[in-house]
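Below: upload20.txt (compact mmCIF, C-alpha atoms (C1' of nucleotides))
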```txt
# COMPACT_ATOMS: atom_id res chain seq x y z
CA MET A 1 18.31 57.33 -105.52
CA ASP A 2 18.04 61.07 -106.10
CA ALA A 3 14.85 62.99 -106.73
CA ALA A 4 15.21 62.99 -110.50
CA GLN A 5 15.62 59.21 -110.63
CA ALA A 6 12.77 58.69 -108.20
CA VAL A 7 10.47 60.83 -110.30
CA GLU A 8 11.57 59.11 -113.50
CA TRP A 9 10.59 55.82 -111.94
CA ALA A 10 7.34 57.21 -110.56
CA GLN A 11 6.49 58.69 -113.94
CA ALA A 12 6.95 55.35 -115.66
CA ARG A 13 4.77 53.68 -113.05
CA ALA A 14 2.14 56.41 -113.44
CA GLU A 15 2.03 55.88 -117.20
CA ALA A 16 1.63 52.15 -116.73
CA LEU A 17 -1.10 52.44 -114.10
CA VAL A 18 -3.01 55.24 -115.83
CA GLY A 19 -2.50 53.73 -119.27
CA ALA A 20 -4.36 50.64 -118.15
CA LEU A 21 -7.29 52.90 -117.25
CA ALA A 22 -7.49 54.57 -120.66
CA GLY A 23 -11.01 55.13 -121.89
CA ARG A 24 -12.60 53.88 -118.70
CA ASP A 25 -14.72 56.06 -116.49
CA ARG A 26 -14.52 53.86 -113.40
CA ALA A 27 -11.95 51.40 -112.20
CA VAL A 28 -10.23 49.97 -109.16
CA LEU A 29 -6.60 51.05 -109.06
CA GLU A 30 -4.14 48.91 -107.15
CA VAL A 31 -1.18 50.92 -105.94
CA ASP A 32 1.13 50.47 -102.96
CA GLY A 33 -0.88 47.39 -102.02
CA ARG A 34 -4.05 49.46 -101.60
CA GLU A 35 -7.19 49.42 -103.70
CA VAL A 36 -8.55 52.82 -104.69
CA ARG A 37 -12.00 53.01 -106.23
CA LEU A 38 -12.06 55.54 -109.03
CA THR A 39 -15.12 57.09 -110.71
CA HIS A 40 -15.81 59.89 -113.19
CA LEU A 41 -12.26 59.61 -114.54
CA GLY A 42 -13.25 61.53 -117.66
CA ARG A 43 -14.69 64.45 -115.73
CA SER A 44 -13.11 67.70 -116.84
CA LEU A 45 -11.65 69.81 -114.04
CA PHE A 46 -10.19 72.65 -116.12
CA PRO A 47 -11.39 74.74 -119.09
CA ALA A 48 -8.89 73.14 -121.49
CA GLY A 49 -10.36 69.76 -120.56
CA GLU A 50 -7.80 68.21 -118.21
CA THR A 51 -9.60 65.44 -116.36
CA LYS A 52 -9.52 63.65 -113.06
CA LEU A 53 -7.44 61.02 -114.82
CA ASP A 54 -4.91 63.71 -115.77
CA LEU A 55 -4.79 64.87 -112.15
CA LEU A 56 -4.22 61.26 -111.07
CA ARG A 57 -1.42 60.81 -113.62
CA TYR A 58 0.27 63.99 -112.40
CA LEU A 59 0.05 63.14 -108.71
CA LEU A 60 1.45 59.65 -109.28
CA SER A 61 4.23 61.07 -111.48
CA VAL A 62 5.53 63.51 -108.87
CA ALA A 63 4.63 61.36 -105.85
CA PRO A 64 8.15 60.89 -104.39
CA VAL A 65 8.91 64.61 -104.15
CA LEU A 66 5.36 65.72 -103.41
CA LEU A 67 5.11 63.24 -100.52
CA SER A 68 8.44 64.45 -99.11
CA HIS A 69 6.94 67.94 -98.76
CA LEU A 70 3.69 66.63 -97.25
CA ALA A 71 5.36 64.34 -94.70
CA ASP A 72 4.36 65.01 -91.08
CA ARG A 73 2.20 67.97 -92.09
CA PRO A 74 -1.55 67.91 -91.43
CA LEU A 75 -3.32 68.36 -94.75
CA THR A 76 -6.03 70.70 -95.85
CA LEU A 77 -7.59 69.56 -99.11
CA VAL A 78 -9.30 71.97 -101.47
CA ARG A 79 -11.80 69.82 -103.32
CA SER A 80 -13.71 70.84 -106.41
CA PRO A 81 -15.56 67.91 -107.99
CA ASP A 82 -16.54 70.08 -110.98
CA GLY A 83 -13.28 72.05 -111.15
CA THR A 84 -14.94 75.38 -110.42
CA PRO A 85 -13.11 77.46 -107.79
CA SER A 86 -16.37 79.00 -106.61
CA THR A 87 -17.86 75.64 -105.65
CA ALA A 88 -14.69 74.30 -104.02
CA PHE A 89 -14.69 73.33 -100.35
CA PHE A 90 -12.02 72.70 -97.75
CA GLN A 91 -11.58 69.37 -96.05
CA LYS A 92 -9.22 68.76 -93.18
CA ASN A 93 -10.91 65.94 -91.30
CA PRO A 94 -11.31 62.45 -92.76
CA PRO A 95 -14.76 62.25 -94.40
CA PRO A 96 -17.12 59.44 -93.40
CA GLY A 97 -16.41 56.46 -95.62
CA ALA A 98 -12.71 57.16 -95.94
CA PRO A 99 -10.65 53.96 -96.24
CA THR A 100 -9.27 52.75 -92.94
CA TRP A 101 -5.72 52.75 -94.34
CA LEU A 102 -5.70 56.50 -94.76
CA ALA A 103 -3.49 57.91 -91.99
CA THR A 104 -4.64 60.67 -89.68
CA ALA A 105 -2.98 62.61 -86.89
CA ALA A 106 -4.40 63.99 -83.68
CA VAL A 107 -4.04 67.74 -84.00
CA GLU A 108 -5.41 70.08 -81.39
CA GLY A 109 -8.40 68.01 -80.44
CA GLY A 110 -9.38 66.72 -83.87
CA ARG A 111 -8.04 64.26 -86.41
CA GLN A 112 -6.47 65.60 -89.56
CA LEU A 113 -5.48 63.93 -92.80
CA LEU A 114 -1.92 62.93 -93.62
CA ALA A 115 -0.39 61.84 -96.91
CA ARG A 116 2.17 59.05 -96.81
CA THR A 117 1.85 57.00 -99.98
CA SER A 118 0.91 57.15 -103.64
CA ALA A 119 -2.33 55.40 -102.74
CA ASP A 120 -3.22 58.38 -100.58
CA LEU A 121 -2.61 60.68 -103.56
CA ALA A 122 -4.74 58.48 -105.83
CA LEU A 123 -7.54 58.74 -103.29
CA PHE A 124 -7.22 62.51 -103.27
CA ALA A 125 -7.51 62.54 -107.06
CA GLN A 126 -10.71 60.52 -106.76
CA TRP A 127 -11.95 63.09 -104.25
CA ALA A 128 -11.13 65.85 -106.75
CA ALA A 129 -8.82 67.33 -104.14
CA VAL A 130 -7.02 69.57 -106.62
CA GLU A 131 -5.14 71.66 -104.06
CA LEU A 132 -3.08 70.20 -101.23
CA HIS A 133 -2.32 72.71 -98.48
CA VAL A 134 0.05 72.23 -95.54
CA PRO A 135 1.37 74.43 -92.72
CA PRO A 136 5.02 75.55 -92.58
CA ALA A 137 5.31 73.31 -89.53
CA ARG A 138 5.79 69.63 -88.84
CA LEU A 139 4.20 67.22 -86.41
CA ARG A 140 6.65 66.09 -83.78
CA GLN A 141 5.38 63.96 -80.95
CA GLY A 142 1.89 65.31 -81.37
CA ASP A 143 2.95 68.95 -81.50
CA LEU A 144 2.99 71.16 -84.55
CA VAL A 145 6.47 72.71 -84.64
CA PRO A 146 7.24 75.50 -87.17
CA ASP A 147 10.15 74.48 -89.41
CA GLN A 148 9.91 77.08 -92.16
CA LEU A 149 9.41 80.82 -92.34
CA VAL A 150 7.49 81.83 -95.46
CA VAL A 151 7.33 85.22 -97.12
CA ASP A 152 4.16 85.28 -99.24
CA LEU A 153 4.23 87.88 -102.03
CA ASP A 154 0.84 88.64 -103.55
CA PRO A 155 0.40 91.31 -106.25
CA MET A 156 -2.58 93.62 -105.86
CA PRO A 157 -3.90 94.63 -109.29
CA PRO A 158 -2.83 96.52 -111.26
CA ALA A 159 0.43 95.13 -109.89
CA ALA A 160 1.12 91.73 -111.43
CA TRP A 161 3.92 89.31 -112.10
CA PRO A 162 6.58 91.92 -113.05
CA GLU A 163 6.13 93.58 -109.66
CA VAL A 164 6.33 90.21 -107.92
CA ARG A 165 9.67 89.59 -109.61
CA ARG A 166 11.00 92.91 -108.36
CA ALA A 167 9.65 92.25 -104.89
CA ALA A 168 11.26 88.81 -104.92
CA ARG A 169 14.65 90.27 -105.74
CA GLY A 170 14.39 92.41 -102.63
CA VAL A 171 13.50 89.41 -100.50
CA ARG A 172 16.44 87.53 -101.93
CA ARG A 173 18.80 90.37 -101.01
CA LEU A 174 17.29 90.52 -97.53
CA MET A 175 17.84 86.81 -96.98
CA GLU A 176 21.40 87.08 -98.25
CA ALA A 177 22.01 89.95 -95.85
CA ALA A 178 20.80 87.71 -93.03
CA GLY A 179 23.10 84.96 -94.25
CA VAL A 180 20.34 82.39 -94.69
CA ARG A 181 19.51 80.14 -97.62
CA SER A 182 16.03 80.81 -99.03
CA PHE A 183 13.98 79.06 -101.68
CA PRO A 184 11.42 80.65 -104.03
CA LYS A 185 8.43 78.91 -105.55
CA LEU A 186 5.51 79.98 -107.69
CA SER A 187 2.32 79.98 -105.68
CA GLY A 188 0.65 78.59 -108.78
CA ALA A 189 -1.75 81.53 -108.74
CA THR A 190 -0.44 85.08 -109.12
CA GLY A 191 2.13 85.23 -106.35
CA LEU A 192 5.39 83.79 -105.12
CA HIS A 193 6.41 82.13 -101.86
CA VAL A 194 9.91 82.35 -100.38
CA TYR A 195 10.71 79.57 -97.90
CA VAL A 196 13.45 79.62 -95.28
CA PRO A 197 14.07 76.44 -93.29
CA VAL A 198 14.42 77.59 -89.69
CA VAL A 199 14.62 76.40 -86.14
CA ALA A 200 13.54 78.72 -83.34
CA GLY A 201 15.65 79.09 -80.24
CA PRO A 202 13.95 79.52 -76.86
CA ALA A 203 14.41 83.31 -76.93
CA ASP A 204 13.22 83.79 -80.50
CA PRO A 205 9.86 85.39 -81.27
CA PRO A 206 7.38 83.21 -83.21
CA THR A 207 8.04 82.92 -86.95
CA ALA A 208 4.84 84.85 -87.69
CA ARG A 209 6.10 87.88 -85.79
CA VAL A 210 9.52 87.71 -87.44
CA ALA A 211 7.86 87.48 -90.86
CA ALA A 212 5.65 90.47 -90.03
CA GLY A 213 8.73 92.43 -89.00
CA LEU A 214 10.50 91.56 -92.25
CA GLY A 215 7.41 92.71 -94.15
CA ARG A 216 7.48 96.09 -92.39
CA LEU A 217 11.20 96.37 -93.06
CA LEU A 218 10.65 95.76 -96.78
CA ALA A 219 7.69 98.16 -96.93
CA ALA A 220 9.67 100.90 -95.16
CA ALA A 221 12.56 100.53 -97.63
CA ALA A 222 10.38 100.43 -100.77
CA PRO A 223 6.87 101.67 -99.94
CA ASP A 224 5.79 101.79 -103.58
CA LEU A 225 6.65 98.14 -104.08
CA TYR A 226 5.62 96.43 -100.83
CA THR A 227 2.57 96.77 -98.62
CA VAL A 228 1.67 95.07 -95.38
CA VAL A 229 -1.70 96.80 -94.98
CA ARG A 230 -4.48 94.36 -94.24
CA ALA A 231 -7.36 96.34 -95.66
CA VAL A 232 -7.67 95.28 -99.29
CA ALA A 233 -8.83 98.68 -100.49
CA ARG A 234 -5.70 100.37 -99.21
CA ARG A 235 -3.15 97.93 -100.57
CA ARG A 236 -0.84 98.94 -103.38
CA GLY A 237 1.86 96.97 -105.10
CA VAL A 238 2.84 93.61 -103.66
CA TYR A 239 1.20 92.45 -100.44
CA VAL A 240 3.61 90.77 -98.02
CA ASP A 241 1.34 88.37 -96.17
CA ALA A 242 3.08 87.36 -92.95
CA GLY A 243 -0.14 85.87 -91.61
CA GLN A 244 0.59 82.63 -93.47
CA ASN A 245 3.10 81.76 -90.74
CA GLY A 246 0.52 81.87 -87.98
CA ARG A 247 -0.99 79.00 -86.05
CA GLY A 248 -3.26 76.84 -88.14
CA ARG A 249 -2.37 78.64 -91.37
CA THR A 250 -1.49 76.75 -94.52
CA LEU A 251 -0.14 77.30 -98.03
CA ALA A 252 -0.40 75.31 -101.22
CA ALA A 253 2.32 72.67 -100.88
CA PRO A 254 5.29 72.53 -103.26
CA TYR A 255 4.09 70.69 -106.40
CA SER A 256 0.41 71.14 -105.51
CA VAL A 257 -1.90 71.81 -108.44
CA ARG A 258 -4.00 74.98 -108.19
CA LEU A 259 -7.63 75.44 -109.18
CA GLY A 260 -8.21 78.02 -111.86
CA ASP A 261 -8.27 78.53 -115.58
CA ALA A 262 -5.32 76.18 -116.07
CA PRO A 263 -3.78 73.34 -114.05
CA ARG A 264 -0.89 75.46 -112.80
CA VAL A 265 1.48 73.99 -110.22
CA SER A 266 3.13 75.61 -107.21
CA THR A 267 6.59 75.13 -108.69
CA PRO A 268 9.95 75.55 -106.93
CA LEU A 269 12.38 77.79 -108.81
CA ASP A 270 16.05 78.56 -108.82
CA TRP A 271 16.63 82.13 -107.61
CA ASP A 272 18.31 82.89 -110.93
CA GLU A 273 15.17 81.76 -112.78
CA VAL A 274 12.78 84.10 -111.06
CA ASP A 275 13.34 86.88 -113.59
CA GLU A 276 12.51 84.63 -116.52
CA ALA A 277 9.86 82.38 -115.05
CA HIS A 278 6.14 82.86 -115.47
CA PRO A 279 3.37 81.03 -113.59
CA ASP A 280 1.62 80.02 -116.82
CA ALA A 281 4.64 78.00 -117.93
CA HIS A 282 4.43 75.52 -115.07
CA THR A 283 1.51 73.10 -115.18
CA ILE A 284 0.75 69.43 -114.73
CA HIS A 285 1.91 69.08 -118.34
CA THR A 286 5.42 70.45 -117.75
CA VAL A 287 6.41 69.88 -114.13
CA PRO A 288 7.08 66.09 -114.20
CA GLU A 289 9.56 66.50 -117.04
CA ARG A 290 11.14 69.49 -115.30
CA LEU A 291 11.60 67.41 -112.16
CA VAL A 292 13.46 64.73 -114.07
CA ARG A 293 15.68 67.39 -115.64
CA ARG A 294 16.29 69.62 -112.61
CA GLY A 295 15.58 67.45 -109.59
CA ASP A 296 13.68 68.80 -106.60
CA LEU A 297 14.81 72.41 -106.19
CA PHE A 298 12.98 72.48 -102.86
CA ALA A 299 14.75 69.55 -101.24
CA ALA A 300 16.83 71.93 -99.13
CA ALA A 301 13.74 73.89 -98.06
CA LEU A 302 13.14 70.94 -95.73
CA GLY A 303 16.44 71.45 -93.99
CA PRO A 304 18.95 71.64 -92.51
CA PRO A 305 17.26 74.36 -90.49
CA GLN A 306 18.90 77.74 -89.88
CA PRO A 307 18.67 79.77 -86.69
CA LEU A 308 15.57 81.96 -86.72
CA ALA A 309 17.69 84.43 -84.73
CA ALA A 310 19.48 85.48 -87.93
CA LEU A 311 16.18 86.82 -89.27
CA ALA A 312 14.82 87.93 -85.91
CA GLU A 313 17.84 90.21 -85.56
CA LEU A 314 17.14 91.93 -88.89
CA ALA A 315 13.47 92.23 -88.04
CA ALA A 316 14.07 93.37 -84.46
CA PRO A 317 13.59 97.12 -85.00
CA TRP A 318 10.26 96.37 -86.70
CA LEU A 319 8.86 93.69 -84.44
CA ASP A 320 6.47 95.82 -82.43
CA ARG A 321 5.92 98.69 -84.82
CA ARG A 322 3.23 99.40 -87.23
C1' DG F 1 -17.90 63.21 -104.28
C1' DC F 2 -20.50 61.40 -101.05
C1' DA F 3 -22.70 60.55 -96.53
C1' DT F 4 -26.28 62.47 -94.09
C1' DT F 5 -30.37 65.05 -93.34
C1' DC F 6 -34.48 67.22 -94.83
C1' DC F 7 -38.99 67.44 -96.94
C1' DG J 1 -36.99 58.77 -103.07
C1' DG J 2 -35.14 63.03 -104.52
C1' DA J 3 -33.23 67.54 -103.03
C1' DA J 4 -30.49 70.05 -100.01
C1' DT J 5 -26.55 70.38 -97.09
C1' DG J 6 -21.95 70.06 -95.07
C1' DC J 7 -17.36 69.34 -95.85
C1' DA J 8 -12.00 74.83 -91.88
C1' DA J 9 -11.34 78.21 -88.56
C1' DC J 10 -9.46 82.08 -86.00
C1' DG J 11 -6.49 85.87 -84.79
C1' DC J 12 -5.90 90.19 -86.23
C1' DT J 13 -7.61 94.37 -88.33
C1' DT J 14 -10.86 97.63 -89.74
C1' DT J 15 -15.36 99.71 -89.27
C1' DA K 1 -19.50 94.50 -81.12
C1' DA K 2 -19.53 92.99 -85.68
C1' DA K 3 -17.48 92.26 -90.12
C1' DG K 4 -13.56 91.55 -93.26
C1' DC K 5 -9.47 89.31 -94.36
C1' DG K 6 -6.22 85.39 -95.48
```
Encoded form (structure tokens):
Amino acid sequence: MDAAQAVEWAQARAEALVGALAGRDRAVLEVDGREVRLTHLGRSLFPAGETKLDLLRYLLSVAPVLLSHLADRPLTLVRSPDGTPSTAFFQKNPPPGAPTWLATAAVEGGRQLLARTSADLALFAQWAAVELHVPPARLRQGDLVPDQLVVDLDPMPPAAWPEVRRAARGVRRLMEAAGVRSFPKLSGATGLHVYVPVVAGPADPPTARVAAGLGRLLAAAAPDLYTVVRAVARRRGVYVDAGQNGRGRTLAAPYSVRLGDAPRVSTPLDWDEVDEAHPDAHTIHTVPERLVRRGDLFAAALGPPQPLAALAELAAPWLDRR
DNA sequence: GCATTCC
DNA sequence: GGAATGCAACGCTTT
DNA sequence: AAAGCG
């Protein structure tokens, strides 16, 4: 079964499960053989009135692909019970009272949340965990091993989406020059993330250093477009944030909803779409249907991995510069 | 959203 | 009993 | 040394 079929099935199941909840504010949902207690289903989480029930419907609809991108990655939830970004809080450890069936992983001394099933996602909806963040690294035998290099493009006002598009084209060319496949997605806020599935050889520098080198390379070639300067006041154009590849860093997962003035989704794109796409066009209302039509454009961002050396070589002259 | 702690 | 509080975390940079 | 940043 391919991604489109899986989502079609999941969407039908979501409609059936959520349909049975219509008009109710509390309920017990049975999914994947688990019982999830739901409350405040009518609570609005976005200005246009999308509710916790809408978030639940979305998460269940995209569950097969969303879960594939969360697998083996310790989760950071961004919870906002009233939908307001300013009152949101992070949660990475299981809260007291969490159901015993919710999986956790031992990560660097603590226990962190994992998502494995649709029941897990339903629980996160109940928790008003609007954003699901994961590291570009996977758990393997208790260790967190980087499996993706991410170039995070963030426009600094007055730069905006048009500048991000131009910046993305440059990143695409750079990745083509390195001979690696790369995959763009909307951050769901104002920026864009480019993912490269990689595997590091023993002699390779860490992905964070390679990403920082690529950022400096881009900024040297087009200083009006790219900036790698940390100090916010001195940034111009599009900020290339290599820090997202560092230890313990996370990004909004593919297909994660984002908090804000609309339920935008961090949506994978085709490279050829980047010039036409706009973040506002991809929300919980549009992404499930898009998945059925296009499949999961990020499936190959999970692998097969490509040698990090291909990028390390390009970045080499810039690795230890500033 | 909810368990815990504080007054 | 009702209100307040915590719920991540850390290296790197700038000041 | 402390504060800012993501």
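For the set A:Val107, A:Ser118, A:Val31, A:Ala129, the residue with the smallest atom-to-atom gap to chain F is A:Ala129, counting all atoms listed in the file.
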Dump as JSON lines the rows for residues of chain J within 10 Å of chain A: closest atom pair and distance in Å with one decimal, all atoms listed in the file counted, ordered by chain and rising residue number.
```
{"residue": "J:DG6", "atom": "C1'", "partner": "A:Phe89", "partner_atom": "CA", "distance": 9.6}
{"residue": "J:DC7", "atom": "C1'", "partner": "A:Gln91", "partner_atom": "CA", "distance": 5.8}
{"residue": "J:DA8", "atom": "C1'", "partner": "A:Phe90", "partner_atom": "CA", "distance": 6.2}
{"residue": "J:DA9", "atom": "C1'", "partner": "A:Gly248", "partner_atom": "CA", "distance": 8.2}
{"residue": "J:DC10", "atom": "C1'", "partner": "A:Gly248", "partner_atom": "CA", "distance": 8.4}
{"residue": "J:DG11", "atom": "C1'", "partner": "A:Gly246", "partner_atom": "CA", "distance": 8.7}
{"residue": "J:DC12", "atom": "C1'", "partner": "A:Gly243", "partner_atom": "CA", "distance": 9.0}
{"residue": "J:DT13", "atom": "C1'", "partner": "A:Arg230", "partner_atom": "CA", "distance": 6.7}
{"residue": "J:DT14", "atom": "C1'", "partner": "A:Ala231", "partner_atom": "CA", "distance": 7.0}
```
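Atom pair CA of Asp272 in chain A / CA of Val7 in chain A: separated by 23.4 Å.
CA of Leu218 in chain A lies 10.7 Å from CA of Ala168 in chain A.
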**OP:** May I have the residues within 10 Å of DC7 in chain F as a ChimeraX atom specification, using only C-alpha atoms (C1' of nucleotides) and disregarding those fewer than 5 positions away in the same chain?
**Re:** /J:2-4
**OP:** Kindly provide, as JSON, numbers by chain, the residues of chain A having any atom no farther than 9 Å from an atom of chain F, counting all atoms listed in the file.
**Re:** {"A": [80, 81, 95, 96, 97, 126, 127, 128]}
Subject >> Residue contacts of His40 in chain A (12 Å, all atoms listed in the file) excluding same-chain residues fewer than 5 positions away, as a ChimeraX atom specification >> reply: /A:21,23-27,45,51-54,56,81-82,125-128 /F:1
Leu123 in chain A surroundings by only C-alpha atoms (C1' of nucleotides), 8 Å radius, close-in-sequence under 4 positions cut, as a PDB file with C-alpha atoms, in the coordinates of the input:
```
ATOM      1  CA  VAL A  36      -8.550  52.820-104.690  1.00  0.00           C
ATOM      2  CA  ARG A  37     -12.000  53.010-106.230  1.00  0.00           C
ATOM      3  CA  LEU A  38     -12.060  55.540-109.030  1.00  0.00           C
ATOM      4  CA  ALA A 119      -2.330  55.400-102.740  1.00  0.00           C
ATOM      5  CA  TRP A 127     -11.950  63.090-104.250  1.00  0.00           C
TER       6      TRP A 127
END
```
Subject >> chain K residues near chain A (9 Å cut-off, only C-alpha atoms (C1' of nucleotides)) as a PyMOL selection string >> reply: chain K and resi 4-6
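One distance worth recording is that between CA of Ala203 in chain A and CA of Arg173 in chain A, which is 25.5 Å.
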Show me as a CSV table (one decimal) with C-alpha atoms, keeping the file's coordinate frame the residues that reach within 10 Å of (7.7, 63.9, -111.4), counting only C-alpha atoms (C1' of nucleotides) and using the file's own coordinates.
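Result saved to point_35.csv:
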```csv
chain,number,residue,atom,x,y,z
A,3,ALA,CA,14.8,63.0,-106.7
A,4,ALA,CA,15.2,63.0,-110.5
A,5,GLN,CA,15.6,59.2,-110.6
A,6,ALA,CA,12.8,58.7,-108.2
A,7,VAL,CA,10.5,60.8,-110.3
A,8,GLU,CA,11.6,59.1,-113.5
A,9,TRP,CA,10.6,55.8,-111.9
A,10,ALA,CA,7.3,57.2,-110.6
A,11,GLN,CA,6.5,58.7,-113.9
A,12,ALA,CA,7.0,55.4,-115.7
A,14,ALA,CA,2.1,56.4,-113.4
A,57,ARG,CA,-1.4,60.8,-113.6
A,58,TYR,CA,0.3,64.0,-112.4
A,59,LEU,CA,0.0,63.1,-108.7
A,60,LEU,CA,1.4,59.6,-109.3
A,61,SER,CA,4.2,61.1,-111.5
A,62,VAL,CA,5.5,63.5,-108.9
A,63,ALA,CA,4.6,61.4,-105.8
A,64,PRO,CA,8.2,60.9,-104.4
A,65,VAL,CA,8.9,64.6,-104.2
A,66,LEU,CA,5.4,65.7,-103.4
A,255,TYR,CA,4.1,70.7,-106.4
A,284,ILE,CA,0.8,69.4,-114.7
A,286,THR,CA,5.4,70.4,-117.8
A,287,VAL,CA,6.4,69.9,-114.1
A,288,PRO,CA,7.1,66.1,-114.2
A,289,GLU,CA,9.6,66.5,-117.0
A,290,ARG,CA,11.1,69.5,-115.3
A,291,LEU,CA,11.6,67.4,-112.2
A,292,VAL,CA,13.5,64.7,-114.1
A,293,ARG,CA,15.7,67.4,-115.6
A,295,GLY,CA,15.6,67.4,-109.6
A,296,ASP,CA,13.7,68.8,-106.6
```
Which residues are close to Gly237 in chain A, i.e. within 9 Å by all atoms listed in the file, leaving aside same-chain residues fewer than 2 positions away? Reply as a short mmCIF file (atom, residue, chain, number, x, y, z; two decimals) with C-alpha atoms, in the coordinates of the input.
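This went into around31.cif:
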```
data_model
loop_
_atom_site.label_atom_id
_atom_site.label_comp_id
_atom_site.auth_asym_id
_atom_site.auth_seq_id
_atom_site.Cartn_x
_atom_site.Cartn_y
_atom_site.Cartn_z
CA ASP A 154 0.84 88.64 -103.55
CA PRO A 155 0.40 91.31 -106.25
CA MET A 156 -2.58 93.62 -105.86
CA PRO A 157 -3.90 94.63 -109.29
CA PRO A 158 -2.83 96.52 -111.26
CA ALA A 159 0.43 95.13 -109.89
CA ALA A 160 1.12 91.73 -111.43
CA GLU A 163 6.13 93.58 -109.66
CA VAL A 164 6.33 90.21 -107.92
CA PRO A 223 6.87 101.67 -99.94
CA ASP A 224 5.79 101.79 -103.58
CA LEU A 225 6.65 98.14 -104.08
CA TYR A 226 5.62 96.43 -100.83
CA THR A 227 2.57 96.77 -98.62
CA ARG A 235 -3.15 97.93 -100.57
CA TYR A 239 1.20 92.45 -100.44
#
```
Where's the centre, and what are the edge lengths in Å to one decimal, of a box along x, y and z enclosing all listed atoms of chain K padded 8 Å per side, as AutoDock Vina command-line options?
```
--center_x -12.9 --center_y 89.9 --center_z -88.3 --size_x 29.3 --size_y 25.1 --size_z 30.4
```
